[in-house]
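Shown below: final18.txt, with compact mmCIF, C-alpha atoms.
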# COMPACT_ATOMS: atom_id res chain seq x y z
CA MET A 1328 0.00 0.00 0.00
CA GLN A 1329 2.86 2.35 0.76
CA ARG A 1330 4.23 2.01 -2.80
CA ALA A 1331 0.84 2.88 -4.31
CA THR A 1332 0.60 5.99 -2.14
CA ARG A 1333 4.07 7.12 -3.24
CA LEU A 1334 3.19 6.48 -6.88
CA THR A 1335 -0.07 8.40 -6.62
CA SER A 1336 1.64 11.42 -5.08
CA SER A 1337 4.38 11.36 -7.73
CA SER A 1338 1.69 11.05 -10.43
CA ASN A 1339 1.00 14.75 -9.88
CA ARG A 1340 4.10 15.35 -12.02
CA LEU A 1341 2.44 13.66 -15.00
CA SER A 1342 0.26 15.24 -17.66
CA GLN A 1343 -3.50 14.88 -17.28
CA LEU A 1344 -3.35 11.95 -19.72
CA GLY A 1345 -0.64 10.32 -17.60
CA ARG A 1346 -2.56 10.80 -14.36
CA GLU A 1347 -5.68 9.28 -15.92
CA ALA A 1348 -3.70 6.35 -17.36
CA VAL A 1349 -2.25 5.62 -13.89
CA TRP A 1350 -5.76 5.90 -12.39
CA TYR A 1351 -7.11 3.34 -14.87
CA ALA A 1352 -4.23 0.98 -14.04
CA GLU A 1353 -4.71 1.45 -10.28
CA HIS A 1354 -8.32 0.37 -10.82
CA GLY A 1355 -7.34 -2.87 -12.57
CA LEU A 1356 -7.63 -1.85 -16.21
CA ALA A 1357 -4.82 -2.86 -18.57
CA VAL A 1358 -3.74 0.20 -20.55
CA PHE A 1359 -1.10 1.08 -23.12
CA PRO A 1360 -0.10 4.28 -24.94
CA VAL A 1361 -1.34 5.13 -28.40
CA ILE A 1362 -0.16 7.91 -30.70
CA ALA A 1363 -1.63 11.29 -29.80
CA ARG A 1364 -4.74 12.09 -31.88
CA GLU A 1365 -4.55 8.64 -33.43
CA LYS A 1366 -5.67 5.14 -32.53
CA ARG A 1367 -2.41 3.31 -33.28
CA PRO A 1368 -0.14 1.97 -30.50
CA ARG A 1369 3.06 3.84 -29.61
CA GLY A 1370 5.45 1.24 -31.02
CA ASP A 1371 8.44 2.89 -29.34
CA LEU A 1372 6.91 2.27 -25.89
CA ALA A 1373 4.59 -0.68 -26.45
CA PRO A 1374 6.04 -2.51 -29.48
CA ARG A 1375 3.44 -5.31 -29.24
CA GLY A 1376 0.59 -2.83 -28.86
CA VAL A 1377 -2.37 -4.31 -27.03
CA LEU A 1378 -0.26 -7.31 -25.99
CA ASP A 1379 1.92 -4.94 -23.92
CA ALA A 1380 -1.07 -3.54 -22.01
CA THR A 1381 -0.65 -3.57 -18.25
CA ALA A 1382 -2.38 -2.63 -15.02
CA ASP A 1383 1.01 -2.04 -13.34
CA PRO A 1384 0.87 1.63 -12.28
CA ALA A 1385 4.69 1.93 -12.19
CA ARG A 1386 5.02 0.83 -15.81
CA VAL A 1387 2.13 3.06 -16.85
CA TYR A 1388 3.76 5.98 -15.01
CA ALA A 1389 7.01 5.37 -16.92
CA TRP A 1390 5.20 5.29 -20.28
CA TRP A 1391 3.41 8.61 -19.73
CA HIS A 1392 6.48 10.18 -18.18
CA ALA A 1393 8.24 9.40 -21.49
CA ALA A 1394 5.25 10.38 -23.67
CA PRO A 1395 3.01 12.87 -21.83
CA THR A 1396 0.72 13.48 -24.82
CA ALA A 1397 0.08 9.81 -25.66
CA ASN A 1398 -3.55 8.81 -25.87
CA ILE A 1399 -4.78 6.05 -23.55
CA ALA A 1400 -6.11 2.70 -24.77
CA ILE A 1401 -7.72 0.02 -22.61
CA ALA A 1402 -7.12 -3.59 -23.68
CA MET A 1403 -10.45 -5.39 -23.61
CA GLY A 1404 -9.40 -9.00 -22.91
CA ALA A 1405 -6.66 -8.16 -20.41
CA SER A 1406 -9.13 -5.93 -18.54
CA GLY A 1407 -11.96 -8.49 -18.59
CA LEU A 1408 -14.12 -6.20 -20.70
CA VAL A 1409 -16.10 -6.25 -23.90
CA ALA A 1410 -17.15 -3.14 -25.81
CA ILE A 1411 -19.96 -2.58 -28.24
CA ASP A 1412 -18.46 -0.10 -30.72
CA VAL A 1413 -21.11 2.11 -32.35
CA ASP A 1414 -19.76 4.12 -35.28
CA GLN A 1415 -21.10 7.06 -37.22
CA HIS A 1416 -18.79 6.86 -40.26
CA GLY A 1417 -21.17 7.14 -43.19
CA ILE A 1418 -23.78 5.00 -41.42
CA ASP A 1419 -25.85 5.60 -38.33
CA GLY A 1420 -24.72 2.90 -35.91
CA ASP A 1421 -27.31 4.12 -33.39
CA VAL A 1422 -30.09 3.03 -35.79
CA SER A 1423 -28.48 -0.40 -36.16
CA LEU A 1424 -28.09 -0.70 -32.38
CA ARG A 1425 -31.77 0.21 -31.82
CA ASP A 1426 -32.76 -2.42 -34.43
CA LEU A 1427 -30.64 -5.04 -32.62
CA GLU A 1428 -32.24 -4.11 -29.28
CA ARG A 1429 -35.73 -4.34 -30.77
CA VAL A 1430 -34.99 -7.94 -31.84
CA HIS A 1431 -32.80 -9.12 -28.91
CA GLY A 1432 -33.85 -6.90 -26.00
CA GLU A 1433 -32.40 -3.71 -24.55
CA LEU A 1434 -28.85 -3.60 -23.27
CA PRO A 1435 -28.42 -2.87 -19.56
CA GLU A 1436 -27.15 0.53 -18.45
CA THR A 1437 -23.38 0.69 -18.63
CA PRO A 1438 -20.56 3.23 -18.87
CA VAL A 1439 -20.43 4.84 -22.30
CA ASN A 1440 -17.25 6.27 -23.82
CA LEU A 1441 -18.10 9.03 -26.34
CA THR A 1442 -15.34 8.92 -28.94
CA GLY A 1443 -15.02 12.53 -30.04
CA GLY A 1444 -15.82 11.46 -33.59
CA GLY A 1445 -19.54 10.94 -33.00
CA GLY A 1446 -19.28 7.27 -32.08
CA LYS A 1447 -19.40 5.54 -28.74
CA HIS A 1448 -18.20 2.45 -26.88
CA LEU A 1449 -20.57 0.70 -24.48
CA LEU A 1450 -18.41 -1.14 -21.94
CA PHE A 1451 -19.42 -4.36 -20.18
CA ARG A 1452 -17.68 -6.95 -18.01
CA ALA A 1453 -16.90 -9.92 -20.25
CA PRO A 1454 -18.90 -13.02 -19.31
CA ALA A 1455 -16.80 -15.50 -17.36
CA GLU A 1456 -15.56 -18.52 -19.30
CA THR A 1457 -17.22 -17.41 -22.52
CA ARG A 1458 -15.11 -17.03 -25.63
CA LEU A 1459 -16.15 -13.92 -27.46
CA ARG A 1460 -15.03 -12.98 -30.94
CA GLN A 1461 -14.43 -9.56 -32.36
CA VAL A 1462 -17.10 -9.36 -35.05
CA PRO A 1463 -19.42 -6.91 -36.76
CA LEU A 1464 -22.95 -7.20 -35.37
CA ALA A 1465 -24.74 -4.88 -37.79
CA PRO A 1466 -23.85 -1.93 -40.02
CA GLY A 1467 -21.90 0.47 -37.80
CA VAL A 1468 -21.92 -1.85 -34.74
CA ASP A 1469 -18.95 -4.06 -33.80
CA VAL A 1470 -17.77 -6.04 -30.78
CA ARG A 1471 -14.34 -5.29 -29.28
CA THR A 1472 -12.97 -8.04 -27.06
CA GLY A 1473 -9.94 -10.30 -26.69
CA ASN A 1474 -7.04 -8.44 -28.28
CA GLY A 1475 -9.27 -5.50 -29.16
CA TYR A 1476 -8.98 -2.14 -27.48
CA VAL A 1477 -10.69 1.21 -27.19
CA VAL A 1478 -9.20 4.67 -26.75
CA VAL A 1479 -10.58 6.37 -23.63
CA PRO A 1480 -10.87 9.82 -22.00
CA PRO A 1481 -9.24 12.25 -21.83
CA SER A 1482 -7.54 11.21 -25.09
CA LEU A 1483 -7.97 13.31 -28.23
CA HIS A 1484 -9.76 11.87 -31.24
CA PRO A 1485 -8.22 12.49 -34.70
CA SER A 1486 -10.99 15.10 -35.15
CA GLY A 1487 -9.41 17.10 -32.29
CA ASN A 1488 -12.38 16.49 -29.98
CA ALA A 1489 -11.80 14.84 -26.62
CA TYR A 1490 -13.09 11.40 -25.71
CA ARG A 1491 -15.38 11.69 -22.69
CA TRP A 1492 -17.48 9.53 -20.37
CA ASP A 1493 -21.26 9.69 -20.56
CA VAL A 1494 -22.25 8.31 -17.18

Final structure tokens representation of the file:
Amino acid sequence: MQRATRLTSSSNRLSQLGREAVWYAEHGLAVFPVIAREKRPRGDLAPRGVLDATADPARVYAWWHAAPTANIAIAMGASGLVAIDVDQHGIDGDVSLRDLERVHGELPETPVNLTGGGGKHLLFRAPAETRLRQVPLAPGVDVRTGNGYVVVPPSLHPSGNAYRWDV
């Protein structure tokens, strides 16, 4: 516990992105750095991308100390999460999601990550001992799991808008 307290107090020297990345790690989420205003892993820090994701706050601190403007990505499988990715690129993923809910039932309330590009990620705990695949569900709606990842707040989307939580 003493080490975590020291790390948290030294986290004040990090950028806002770094402090948030450490916070995610301290709460058990496996994170890794991605290129600022992009969605690609920082190969210089995490050469294996999502496979380098960690919930070790000391390692996360070191990454954001070296790259204070790096965006933050959460690895789905390593964090025990699954995301429903709803896009707005040329198709209204919200319409597809509503159609899916009409047929299969409404999704439960969950944290929603607004992407900054008009899309969103609905985050859920992955079901225990169930193998999920990363697949498209409908036009504009995909599943992110396993070695998938999502970029999270307060990262900047390529559009320049910030990712943010809709709680």

Quiz item: Out of A:Gln1415, A:Thr1437, A:Thr1472, A:Asn1398, which residue has the shortest atom-to-atom distance to His1484 of chain A when counting all atoms listed in the file?
Solution: A:Asn1398

Skip Ala1393 of chain A itself and residues of its chain fewer than 6 positions away, then list as a tab-separated table (two decimals) with C-alpha atoms, keeping the file's coordinate frame all residues within 10 Å of it, counting only C-alpha atoms.
chain	number	residue	atom	x	y	z
A	1341	LEU	CA	2.44	13.66	-15.00
A	1345	GLY	CA	-0.64	10.32	-17.60
A	1372	LEU	CA	6.91	2.27	-25.89
A	1387	VAL	CA	2.13	3.06	-16.85

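Between atom CA of Ile1399 of chain A and atom CA of Val1422 of chain A there is a distance of 28.3 Å.
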
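Between atom CA of Asp1414 of chain A and atom CA of Asp1493 of chain A the separation is 15.8 Å.
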
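Counting from atom CA of Phe1451 of chain A, the distance to atom CA of Arg1375 of chain A is 24.6 Å.
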
Practice problem: With a distance cut-off of 10 Å and all atoms listed in the file, select the neighbouring residues of Leu1408 of chain A, excluding the residue or stretch itself and same-chain residues fewer than 6 positions from it, and output the selection as a PyMOL selection string. | Solution: chain A and resi 1356+1401-1402+1450-1454+1471-1473+1475-1476

Quiz prompt | For Gly1370 of chain A: contacts at 12 Å, only C-alpha atoms, fewer than 6 positions along chain excluded, given as a PyMOL selection string | solution = chain A and resi 1359-1362+1376-1379+1390+1394+1397

Practice problem: Identify which of the residues A:His1448, A:Val1478, A:Val1349, A:Gly1467 lies closest to His1392 of chain A, counting all atoms listed in the file when measuring atom-to-atom distances. | Solution: A:Val1349

Practice problem: For the point (-8.9, 9.5, -13.6) in the file's frame, write as number ranges by chain all residues with an atom no more than 12 Å away, counting all atoms listed in the file. | Solution: A: 1335, 1338-1339, 1342-1354, 1356, 1399, 1479-1482, 1491-1492

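Closest to Ser1423 of chain A among A:Pro1438, A:Pro1374, A:Pro1368, A:Pro1463 is A:Pro1463, based on only C-alpha atoms.
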